[in-house]
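*Asks:* Here it is, the structure, as structure tokens.
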There are 4 protein chains.
Amino acid sequence: MKAGIVGATGYGGVELYRLLSSHAHIESITLYSSTQSGEGISESYSHLNTAQDQLQPLEPAAMKADLDVIFLATPAGVSSKLTPDLLGGKARVIDLSGDLRLSDQEVYTKWYKKEAAPQSVLQQAVYGLPEWNKESIQSAELIANPGCFPTAALLGLGPLIKEKLLDPSRIVIDAKTGVSGAGKNPNPLTHFAHTQENVQIYKVNQHQHIPEIEQQLTVWEKSMEPVSFSTHLIPMTRGIMTTMYGELKSSHSTEQLHDCLTASYRDQPFIRVRKPGHLPSTKDVYASNYCDIGVTVDDRTQRVTIVSVIDNLMKGAASQAVQNMNLAAGIEETTGLLHIPVYP
Amino acid sequence: MKAGIVGATGYGGVELYRLLSSHAHIESITLYSSTQSGEGISESYSHLNTAQDQLQPLEPAAMKADLDVIFLATPAGVSSKLTPDLLGGKARVIDLSGDLRLSDQEVYTKWYKKEAAPQSVLQQAVYGLPEWNKESIQSAELIANPGCFPTAALLGLGPLIKEKLLDPSRIVIDAKTGVSGAGKNPNPLTHFAHTQENVQIYKVNQHQHIPEIEQQLTVWEKSMEPVSFSTHLIPMTRGIMTTMYGELKSSHSTEQLHDCLTASYRDQPFIRVRKPGHLPSTKDVYASNYCDIGVTVDDRTQRVTIVSVIDNLMKGAASQAVQNMNLAAGIEETTGLLHIPVYP
Amino acid sequence: MKAGIVGATGYGGVELYRLLSSHAHIESITLYSSTQSGEGISESYSHLNTAQDQLQPLEPAAMKADLDVIFLATPAGVSSKLTPDLLGGKARVIDLSGDLRLSDQEVYTKWYKKEAAPQSVLQQAVYGLPEWNKESIQSAELIANPGCFPTAALLGLGPLIKEKLLDPSRIVIDAKTGVSGAGKNPNPLTHFAHTQENVQIYKVNQHQHIPEIEQQLTVWEKSMEPVSFSTHLIPMTRGIMTTMYGELKSSHSTEQLHDCLTASYRDQPFIRVRKPGHLPSTKDVYASNYCDIGVTVDDRTQRVTIVSVIDNLMKGAASQAVQNMNLAAGIEETTGLLHIPVYP
Amino acid sequence: MKAGIVGATGYGGVELYRLLSSHAHIESITLYSSTQSGEGISESYSHLNTAQDQLQPLEPAAMKADLDVIFLATPAGVSSKLTPDLLGGKARVIDLSGDLRLSDQEVYTKWYKKEAAPQSVLQQAVYGLPEWNKESIQSAELIANPGCFPTAALLGLGPLIKEKLLDPSRIVIDAKTGVSGAGKNPNPLTHFAHTQENVQIYKVNQHQHIPEIEQQLTVWEKSMEPVSFSTHLIPMTRGIMTTMYGELKSSHSTEQLHDCLTASYRDQPFIRVRKPGHLPSTKDVYASNYCDIGVTVDDRTQRVTIVSVIDNLMKGAASQAVQNMNLAAGIEETTGLLHIPVYP
């Protein structure tokens with residue numbers, strides 16, 4: 001397959017480049033950048049210093065004719081405009097931004113403060129959460145790759161919500177993320193001297209990933225109500241942990257909830273459910289496509305704590321996009337993705 | 001005043017030493033260690049490399065006769081046994097461990113898995129949370145210095161719980177802490193290579209600080225029910241953030257809750273309440289005795305998020321102990337404690 | 001004394017503010033900023049969130065009449081122009097930038113790529129390295145506060161160079177610094193995701209602190225030749241270690257060199273020389289005005305390794321400036337500076 | 001090929017496991033541990049939580065008959081005793097410890113303070129630095145995998161020393177390393193709270209890697225004299241930078257030295273020489289087998305600074321061992337090793 005990466009100079013783009021470079025079915029990778037075309041990618045990233053790949057200007061017509069798959073690793077507001085020009089050709093399109101994830105244009109505009117993509121494009125977009133949407137992805141021309149927080153939150157909550165075990169009006173999601181989630185452009189919040197030895201909480205109940213989480217939860221549970229959601233910036237580069245609190249509708253043990261999770265994910269190669277009483281750490285999935293999940297019930301309160309961890313640049317972005325590509329291309333889902341996490 | 005520090009070679013002890021060294025009313029500091037007596041403190045801590053102070057063996061009888069204040073910076077299980085021998089003399093005793101904080105011996109034994117202190121000692125111990133207990137502290141001979149998580153959690157929750165604004169059956173506390181809270185002894189969880197680039201969750205609903213939090217919440221609100229409480233180990237040395245989720249009993253705005261906090265803490269020199277819409281970061285209080293607090297209401301859910309931050313070794317341990325000493329000694333509460341946080 | 005800080009919103013300025021706030025002889029502190037006047041300092045620094053201090057516009061005439069001491073914590077190129085307007089009044093002026101440290105205008109222009117200060121101003125400026133220049137500082141109206149690397153390097157090399165123990169043609173200085181040395185403005189090199197898990201070497205043999213080091217070494221040793229000097233950016237916020245390599249002119253033991261250091265610094269309250277065989281770490285001096293120094297001789301090569309550590313924002317900038325102020329004002333040198341290092 | 005890893009529970013062992021798991025020519029991996037046999041590897045390493053691999057007890061006779069390659073990732077002092085029992089069978093043996101690298105038993109005992117391996121074993125051991133010793137490795141039964149510091153130092157110095165460009169009496173090597181180099185066992189120096197915000201210098205001129213470096217330098221340059229060598233512990237997990245200072249025997253430009261490096265390494269797939277004026281950072285090679293090298297000449301001093309970076313667990317240990325295995329097995333040198341560095 002011939003692949004193209006638009007927005008190749010961002011963290012998501014460069015991570016896609018790394019993954020596709022060792023993917024057995026990828027024959028060529030073309031990098032596109034609207035702002036740095038003509039430069040070599042290694043001018044932006046010295047770890048790629050043998051790479052000769054020159055950044056190309058965007059040419060949608062040629063791209064959709066030549067390429068088999070196009071990844072859009074662009075900031076919010078770009079793919080809503082660009083996607084229409086890329087559809088209808090040979091290429092499957094996988095969008096890593098938030099532009100195509102919300103089916104309701106008004107909701108998008110409310111949370112993203114930007115103009116939504118055309119309704120026709122949104123209708124075509126399949127939500128690319130492979131563990132829950134595999135069949136649709138396999139036949140999709142256009143895939144909306146999930147956000148990093150929604151990936152972690154939904155994979156942890158999915159089984160228990162779908163089985164109606166949790167009160168849909170009392171979900172609290174407390175997320176912790178590494179700094180790479182804020183992207184490559186330097187700003188005061190990502191300055192090392194500010195971030196080191198610091199936990200910062202931001203966008204409480206206002207993060208644009210909230211409607212994405214609620215949209216999918218509502219697919220599983222019609223009576224879903226708004227969730228509480230807070231995000232914390234942690235002095236580390238990669239990793240997301242979502243700690244999720246719910247109330248059981250009726251009494252269940254840790255073992256029973258654990259069984260619900262393992263039953264849901266029995267055939268999912270990238271979900272690892274921890275033994276009862278064990279909860280994962282972010283480093284357990286570093287630089288891998290895994291999502292590790294644990295659950296525990298508190299007998300004193302009959303409340304549940306679910307913990308899920310991912311690498312925000314991998315299962316939360318680039319490697320999940322490759323997983324979606326594999327599915328859409330009809331090749332083995334795990335191709336190019338069976339990395340053991342890097343530790344320590 | 002002549003001060004003694006028992007357990008001087010731990011992180012709490014060495015931090016007390018630093019604070020007392022520049023305290024205007026401290027005339028001498030004697031360091032005690034049951035395991036390292038005879039050594040100089042700078043053999044354990046090279047940042048103290050000019051210090052001549054030799055670690056002394058414990059002699060309770062002499063200590064209570066000579067000293068004006070004794071700090072116990074010892075692991076759980078030590079002061080329950082040691083305290084009786086230190087009372088009844090000249091010295092006030094301030095215990096930084098968890099041994100004297102819980103009034104109910106059974107509760108202590110259940111959570112700490114150790115034998116409780118004698119009932120007579122527990123009855124004498126005053127809970128040293130100065131912002132809420134100032135009068136009792138001023139006349140106390142024996143003070144149980146609060147735990148680090150309870151300090152952060154209670155200072156954040158206190159005003160809203162006391163004013164009955166929150167549903168007492170639905171409090172969730174999600175705490176994040178730096179690694180120094182685990183103490184000085186190396187172990188696999190505090191190994192740099194394991195902790196770096198990692199968020200680890202531990203002791204979910206099983207932390208020994210839970211009954212301490214609930215005991216004080218119940219003082220404020222008789223119908224208090226058990227809380228959910230989880231702790232996360234963050235790749236930083238110092239700092240605690242507690243993110244707390246509650247449900248409003250009736251509709252209130254962020255501004256109203258902010259006013260409740262500022263009214264409660266108007267005369268408290270070490271509490272800094274953030275403007276509505278602003279939430280603190282742990283680095284805002286680094287190496288200081290401050291507790292910074294912010295609150296926000298989510299209109300979509302009518303749930304409240306309260307955020308409080310402290311330095312776990314300072315307001316969560318050593319500097320709060322000095323604050324208690326000041327109060328008990330009848331000197332100005334802020335003496336030796338008005339450090340501006342170290343930043344960046 | 002009434003103090004003014006120009007450039008109060010940089011890291012050096014805010015650190016000066018912290019130190020002066022608890023200085024017994026400082027009656028008032030006025031903060032100046034040419035770009036943010038009218039704002040409160042806590043809008044830039046949330047750790048100062050109780051501070052009401054409003055940033056003032058620069059008014060040199062009023063400043064030199066009203067203030068007793070003015071600190072210039074401004075970027076290179078500012079104080080060369082501003083200083084003439086501040087001299088000749090009541091105020092002593094202490095410049096923390098590099099503008100007034102080099103006596104030779106051409107050398108300044110070569111290394112800083114900027115126009116030099118007027119010759120008359122340069123002649124007035126006293127180099128503020130208190131351990132070596134105390135007498136001149138005590139009578140100075142204008143003090144050039146040393147750079148962070150020169151402070152660490154010169155304090156380590158001084159005694160051995162002055163005593164002609166080292167070959168003046170073979171000095172190698174390998175420096176390691178925390179990220180705060182790069183200042184507050186975010187840029188790609190200080191982005192957390194780039195800096196974490198990274199050692200970066202920069203400005204090899206081209207750092208503008210090189211001529212400052214060589215100028216002072218030449219004071220001690222007329223036949224001094226150019227040094228090799230490299231700087232490494234370390235994933236930490238504060239701290240400088242300079243590892244310095246020299247060749248002995250004639251055979252000496254570690255003990256002899258240690259004795260040379262202790263003899264030189266016997267009366268210097270902020271220099272702590274390590275026992276033979278012991279070398280300091282940067283954290284030994286965190287948030288303090290100390291410079292810790294160790295030395296060791298390699299019997300195999302007859303080469304010397306000298307290691308000195310400072311906190312770059314303290315002894316490398318703000319606290320050394322306060323030390324200079326104390327000396328120039330005729331008060332006890334250690335006033336407001338006897339902080340025990342913060343550890344851990 | 002069937003591979004065995006002895007000492008599988010250390011950092012080197014677990015990294016070998018990760019690499020071999022995705023190596024196209026490895027059919028099975030057996031893990032051995034003398035202390036934890038019977039346990040599953042995921043009990044020690046939760047990032048491997050799907051692995052079923054049980055740790056086996058050591059059985060040298062069976063191992064050398066069944067396995068094609070045996071990696072010894074054991075502490076110093078183990079393989080000197082174990083190796084004789086593993087030779088003479090089917091298996092090639094690759095030792096990652098320092099036991100077999102020094103050909104002179106006395107030198108080993110002096111620096112390692114342990115009994116040396118038998119002379120016959122030492123004579124059989126080929127020093128596994130592939131870029132300089134490829135032919136010998138290809139026919140070796142026993143390979144001594146180089147130490148992490150020697151790998152970085154020798155790859156940087158090799159070309160210039162071999163070409164006699166540098167004065168052999170004046171080499172200074174200043175190394176910086178991440179904490180994982182200290183191994184998995186927790187100790188006070190690797191405690192997060194101690195290591196964070198700290199640069200620590202240790203084993204100055206006494207590191208056991210010094211004779212290994214000098215032994216190989218002497219192969220290239222008979223008149224080599226002892227080097228100065230210091231190591232610094234940096235608050236990061238992975239990565240080594242060696243900054244090396246030398247004196248030119250005669251005048252050469254940066255470009256000329258750069259050309260010397262590129263000529264030497266033209267056919268080496270894992271050496272990336274930087275353009276003149278560019279120096280590498282440790283993160284440029286994170287989690288990869290690359291060694292990046294840069295060089296610069298100082299016109300003022302005619303001294304050279306050479307900078308080389310590796311990942312200490314990869315090119316400094318596990319991935320270099322796999323590179324040696326590939327060569328010895330007669331398969332493509334880069335098999336299983338073409339990972340792009342993980343960034344950010």
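Residue numbering restarts at 1 in every chain; chains get A, B, ... in the order shown in the structure tokens, and ligands count up from 1 in that same order.
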Contacts from chain A to chain B, 8 Å maximum, only C-alpha atoms: show me the residue list as a PyMOL selection string.

*Replies:* chain A and resi 172+174+193-194+196-202+205+226-228+234-239+241+245+279-283+298+300-301+303+344

*Asks:* Those residues you just picked out, can you put them in a file as a compact mmCIF listing (two decimals), in the first residue's frame with N, CA and C atoms?

*Replies:*
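Saved to result-v7.txt:
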# COMPACT_ATOMS: atom_id res chain seq x y z
N VAL A 172 -18.00 9.54 36.90
CA VAL A 172 -16.94 10.54 37.08
C VAL A 172 -15.66 9.99 36.44
N ASP A 174 -11.69 10.84 35.90
CA ASP A 174 -10.55 11.67 36.30
C ASP A 174 -9.35 11.20 35.48
N ALA A 193 10.48 23.85 32.78
CA ALA A 193 10.67 24.40 34.12
C ALA A 193 9.33 24.62 34.84
N HIS A 194 8.27 24.74 34.07
CA HIS A 194 6.94 24.90 34.67
C HIS A 194 6.29 23.54 34.93
N GLN A 196 7.72 20.38 35.16
CA GLN A 196 8.44 19.48 36.07
C GLN A 196 7.97 19.74 37.50
N GLU A 197 7.83 18.69 38.28
CA GLU A 197 7.41 18.80 39.68
C GLU A 197 6.06 19.52 39.79
N ASN A 198 5.17 19.22 38.87
CA ASN A 198 3.89 19.94 38.85
C ASN A 198 2.78 19.01 38.37
N VAL A 199 1.63 19.07 39.02
CA VAL A 199 0.41 18.50 38.47
C VAL A 199 -0.53 19.67 38.21
N GLN A 200 -0.99 19.78 36.97
CA GLN A 200 -1.88 20.87 36.58
C GLN A 200 -3.22 20.30 36.12
N ILE A 201 -4.29 20.86 36.61
CA ILE A 201 -5.62 20.44 36.18
C ILE A 201 -6.17 21.49 35.22
N TYR A 202 -6.81 21.04 34.15
CA TYR A 202 -7.24 22.02 33.14
C TYR A 202 -8.54 21.57 32.47
N ASN A 205 -14.53 19.76 32.98
CA ASN A 205 -15.89 19.70 32.40
C ASN A 205 -16.04 20.53 31.13
N PRO A 226 -24.99 13.26 31.33
CA PRO A 226 -23.65 13.86 31.23
C PRO A 226 -22.68 13.33 32.29
N VAL A 227 -21.44 13.21 31.89
CA VAL A 227 -20.40 12.74 32.81
C VAL A 227 -19.62 13.93 33.38
N SER A 228 -18.99 13.70 34.51
CA SER A 228 -17.99 14.64 35.01
C SER A 228 -16.65 14.22 34.43
N ILE A 234 0.51 15.80 33.65
CA ILE A 234 1.47 15.12 34.52
C ILE A 234 2.88 15.33 33.97
N PRO A 235 3.88 15.47 34.83
CA PRO A 235 5.25 15.65 34.33
C PRO A 235 5.84 14.37 33.73
N MET A 236 5.27 13.97 32.62
CA MET A 236 5.82 12.85 31.84
C MET A 236 5.47 13.14 30.38
N THR A 237 6.11 12.46 29.47
CA THR A 237 5.88 12.75 28.06
C THR A 237 4.69 12.00 27.51
N ARG A 238 4.60 10.70 27.77
CA ARG A 238 3.57 9.85 27.18
C ARG A 238 2.75 9.17 28.27
N GLY A 239 1.52 8.83 27.89
CA GLY A 239 0.70 8.02 28.79
C GLY A 239 -0.56 8.72 29.22
N MET A 241 -3.79 7.81 31.98
CA MET A 241 -4.59 6.95 32.86
C MET A 241 -5.93 7.63 33.06
N TYR A 245 -15.04 6.46 38.16
CA TYR A 245 -15.82 6.10 39.34
C TYR A 245 -17.28 5.94 38.92
N LEU A 279 -4.30 -3.32 39.25
CA LEU A 279 -4.62 -2.17 38.40
C LEU A 279 -3.37 -1.79 37.62
N PRO A 280 -3.53 -1.33 36.40
CA PRO A 280 -2.36 -1.05 35.56
C PRO A 280 -1.76 0.33 35.81
N SER A 281 -0.52 0.50 35.39
CA SER A 281 0.20 1.78 35.40
C SER A 281 0.43 2.21 33.95
N THR A 282 0.64 3.50 33.74
CA THR A 282 0.78 3.97 32.35
C THR A 282 1.99 3.35 31.67
N LYS A 283 3.05 3.11 32.43
CA LYS A 283 4.28 2.60 31.81
C LYS A 283 4.11 1.16 31.32
N ASP A 298 -15.58 -1.31 45.80
CA ASP A 298 -15.39 -0.97 47.20
C ASP A 298 -16.61 -1.46 47.99
N ARG A 300 -17.40 -0.96 50.97
CA ARG A 300 -17.96 0.03 51.88
C ARG A 300 -18.96 0.95 51.19
N THR A 301 -18.75 1.22 49.91
CA THR A 301 -19.58 2.22 49.23
C THR A 301 -20.38 1.63 48.07
N ARG A 303 -19.28 1.33 45.31
CA ARG A 303 -18.86 2.05 44.11
C ARG A 303 -17.71 1.32 43.43
N PRO A 344 12.47 -0.47 31.04
CA PRO A 344 11.97 0.69 31.76
C PRO A 344 12.19 1.95 30.94

*Asks:* Which residues, written as a VMD selection string, have at least one atom at most 9 Å from Pro84 (chain B), with only C-alpha atoms counted and residues fewer than 3 positions away on the same chain left out?

*Replies:* chain B and resid 79 to 81 87 to 88 117 to 118 121

*Asks:* Could you please write out, as a PyMOL selection string, every residue of region 116-329 of chain B that DSSP assigns to strand (DSSP E)?

*Replies:* chain B and resi 126-127+142-144+172-177+200-202+228-233+240-247+271-273+291-298+303-310

*Asks:* Fewer than 3 positions away in the same chain doesn't count, so skip those; otherwise give me all residues within 8 Å of region 160-165 of chain A, counting only C-alpha atoms, as a VMD selection string.

*Replies:* chain A and resid 157 168 217 220 to 221 248 to 250 257 260 to 261

*Asks:* For C-alpha atoms, I'd like the residues from the last selection saved as a PDB file, in the first residue's frame.

*Replies:*
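After the write, again.pdb holds the following:
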ATOM      1  CA  LEU A 157     -16.412   1.858  30.654  1.00  0.00           C
ATOM      2  CA  PRO A 168     -25.823   6.153  33.986  1.00  0.00           C
ATOM      3  CA  LEU A 217     -21.772   5.897  25.874  1.00  0.00           C
ATOM      4  CA  TRP A 220     -24.529   1.609  24.588  1.00  0.00           C
ATOM      5  CA  GLU A 221     -26.959   3.032  27.139  1.00  0.00           C
ATOM      6  CA  LEU A 248     -23.392  -0.161  40.845  1.00  0.00           C
ATOM      7  CA  LYS A 249     -27.100  -0.519  40.157  1.00  0.00           C
ATOM      8  CA  SER A 250     -27.080  -3.731  42.139  1.00  0.00           C
ATOM      9  CA  LEU A 257     -16.984  -7.083  36.971  1.00  0.00           C
ATOM     10  CA  CYS A 260     -17.678  -8.875  32.411  1.00  0.00           C
ATOM     11  CA  LEU A 261     -14.549  -7.164  31.090  1.00  0.00           C
TER      12      LEU A 261
END

*Asks:* Using only C-alpha atoms, which protein or nucleic acid residues come within 6 Å of Ile70 (chain B)? Drop anything in the same chain fewer than 6 positions from it, and give the result as a ChimeraX atom specification.

*Replies:* /B:3-5,93

*Asks:* Just the selected residues (C-alpha atoms), exported as a JSON list (two decimals), in the first residue's frame, please.

*Replies:*
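As written to disk, selection_20.json reads:
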[["chain", "number", "residue", "atom", "x", "y", "z"],
["B", 3, "ALA", "CA", 13.30, 21.25, 70.25],
["B", 4, "GLY", "CA", 13.90, 17.55, 69.73],
["B", 5, "ILE", "CA", 13.24, 15.55, 66.59],
["B", 93, "VAL", "CA", 4.67, 16.40, 71.94]]

*Asks:* Need the shell around Asp95 (chain D): protein/DNA/RNA residues with any atom at most 7 Å away, counting only C-alpha atoms. Skip same-chain ones fewer than 3 positions apart. Format as a list in words?

*Replies:* Phe71, Leu72, Ala73, Ile143, Ala144 and Asn145 of chain D

*Asks:* Export, as a short mmCIF file (atom, residue, chain, number, x, y, z; two decimals), in the first residue's frame, the selected residues with N, CA, C and O atoms.

*Replies:*
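Written file, part_15.cif:
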data_model
loop_
_atom_site.label_atom_id
_atom_site.label_comp_id
_atom_site.auth_asym_id
_atom_site.auth_seq_id
_atom_site.Cartn_x
_atom_site.Cartn_y
_atom_site.Cartn_z
N PHE D 71 22.22 -15.93 25.81
CA PHE D 71 22.65 -14.61 26.27
C PHE D 71 22.81 -14.65 27.78
O PHE D 71 21.93 -15.13 28.49
N LEU D 72 23.94 -14.15 28.24
CA LEU D 72 24.17 -14.05 29.69
C LEU D 72 24.01 -12.59 30.10
O LEU D 72 24.87 -11.76 29.81
N ALA D 73 22.87 -12.30 30.72
CA ALA D 73 22.61 -10.92 31.17
C ALA D 73 22.68 -10.91 32.68
O ALA D 73 21.73 -10.55 33.37
N ILE D 143 31.15 -14.48 22.57
CA ILE D 143 31.27 -13.05 22.32
C ILE D 143 31.14 -12.29 23.63
O ILE D 143 30.20 -12.52 24.40
N ALA D 144 32.07 -11.37 23.89
CA ALA D 144 31.97 -10.47 25.03
C ALA D 144 31.34 -9.18 24.54
O ALA D 144 31.97 -8.40 23.84
N ASN D 145 30.07 -9.01 24.89
CA ASN D 145 29.35 -7.80 24.45
C ASN D 145 29.91 -6.59 25.20
O ASN D 145 30.06 -6.63 26.42
#

*Asks:* Got a sec: who's within 10 Å of Thr30 (chain A), counting only C-alpha atoms, leaving out chain neighbours fewer than 2 positions off, as a list in words?

*Replies:*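 Using only C-alpha atoms, the neighbours found are Lys2, Ala3, Gly4, Ile5, Val6, Ala8, Tyr17, Ser28, Tyr32, Asp53, Gln54, Leu55, Gln56, Met63, Leu67 and Ile70 of chain A.
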
*Asks:* Take the residues from that selection and write them out as an mmCIF file, in the first residue's frame, keeping N, CA and C atoms.

*Replies:*
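Saved the output as selection27.cif:
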data_model
loop_
_atom_site.group_PDB
_atom_site.id
_atom_site.type_symbol
_atom_site.label_atom_id
_atom_site.label_comp_id
_atom_site.auth_asym_id
_atom_site.auth_seq_id
_atom_site.Cartn_x
_atom_site.Cartn_y
_atom_site.Cartn_z
ATOM 1 N N LYS A 2 0.361 2.267 -0.661
ATOM 2 C CA LYS A 2 1.019 3.567 -0.615
ATOM 3 C C LYS A 2 0.279 4.440 0.392
ATOM 4 N N ALA A 3 1.033 4.982 1.345
ATOM 5 C CA ALA A 3 0.414 5.777 2.393
ATOM 6 C C ALA A 3 0.859 7.229 2.301
ATOM 7 N N GLY A 4 -0.035 8.124 2.682
ATOM 8 C CA GLY A 4 0.309 9.533 2.807
ATOM 9 C C GLY A 4 -0.036 10.024 4.197
ATOM 10 N N ILE A 5 0.800 10.899 4.716
ATOM 11 C CA ILE A 5 0.546 11.485 6.038
ATOM 12 C C ILE A 5 0.481 12.996 5.881
ATOM 13 N N VAL A 6 -0.685 13.552 6.155
ATOM 14 C CA VAL A 6 -0.846 15.008 6.112
ATOM 15 C C VAL A 6 -0.666 15.541 7.532
ATOM 16 N N ALA A 8 2.536 15.914 8.757
ATOM 17 C CA ALA A 8 3.571 14.954 9.153
ATOM 18 C C ALA A 8 4.540 15.508 10.183
ATOM 19 N N TYR A 17 4.649 7.939 10.978
ATOM 20 C CA TYR A 17 5.787 7.671 10.111
ATOM 21 C C TYR A 17 6.642 6.534 10.664
ATOM 22 N N SER A 28 5.227 2.558 0.324
ATOM 23 C CA SER A 28 5.816 3.897 0.318
ATOM 24 C C SER A 28 5.028 4.800 1.258
ATOM 25 N N TYR A 32 3.259 15.015 3.916
ATOM 26 C CA TYR A 32 2.734 16.294 3.435
ATOM 27 C C TYR A 32 2.726 17.312 4.569
ATOM 28 N N ASP A 53 13.223 11.785 3.541
ATOM 29 C CA ASP A 53 11.881 12.119 3.082
ATOM 30 C C ASP A 53 11.594 13.611 3.133
ATOM 31 N N GLN A 54 11.283 14.123 1.968
ATOM 32 C CA GLN A 54 10.999 15.543 1.832
ATOM 33 C C GLN A 54 9.507 15.784 2.021
ATOM 34 N N LEU A 55 9.181 16.832 2.712
ATOM 35 C CA LEU A 55 7.777 17.188 2.921
ATOM 36 C C LEU A 55 7.203 17.753 1.626
ATOM 37 N N GLN A 56 6.032 17.250 1.259
ATOM 38 C CA GLN A 56 5.397 17.630 -0.004
ATOM 39 C C GLN A 56 4.243 18.595 0.243
ATOM 40 N N MET A 63 -3.383 12.997 -4.729
ATOM 41 C CA MET A 63 -3.292 12.112 -3.567
ATOM 42 C C MET A 63 -4.370 11.038 -3.599
ATOM 43 N N LEU A 67 -2.732 7.326 -3.816
ATOM 44 C CA LEU A 67 -2.482 6.695 -2.514
ATOM 45 C C LEU A 67 -3.577 5.693 -2.168
ATOM 46 N N ILE A 70 -4.752 7.628 3.312
ATOM 47 C CA ILE A 70 -4.301 8.962 3.693
ATOM 48 C C ILE A 70 -4.636 9.177 5.161
#

*Asks:* Considering only helix (DSSP H, G or I) as DSSP defines it on the backbone, what residues of region 22-146 of chain C qualify? List them as number ranges by chain.

*Replies:* C: 41-44, 46-48, 60-66, 79-86, 105-112, 119-124, 130-138

*Asks:* Any idea what the distance is between CA of Ser288 (chain A) and CA of Pro341 (chain A)?

*Replies:* 5.0 Å
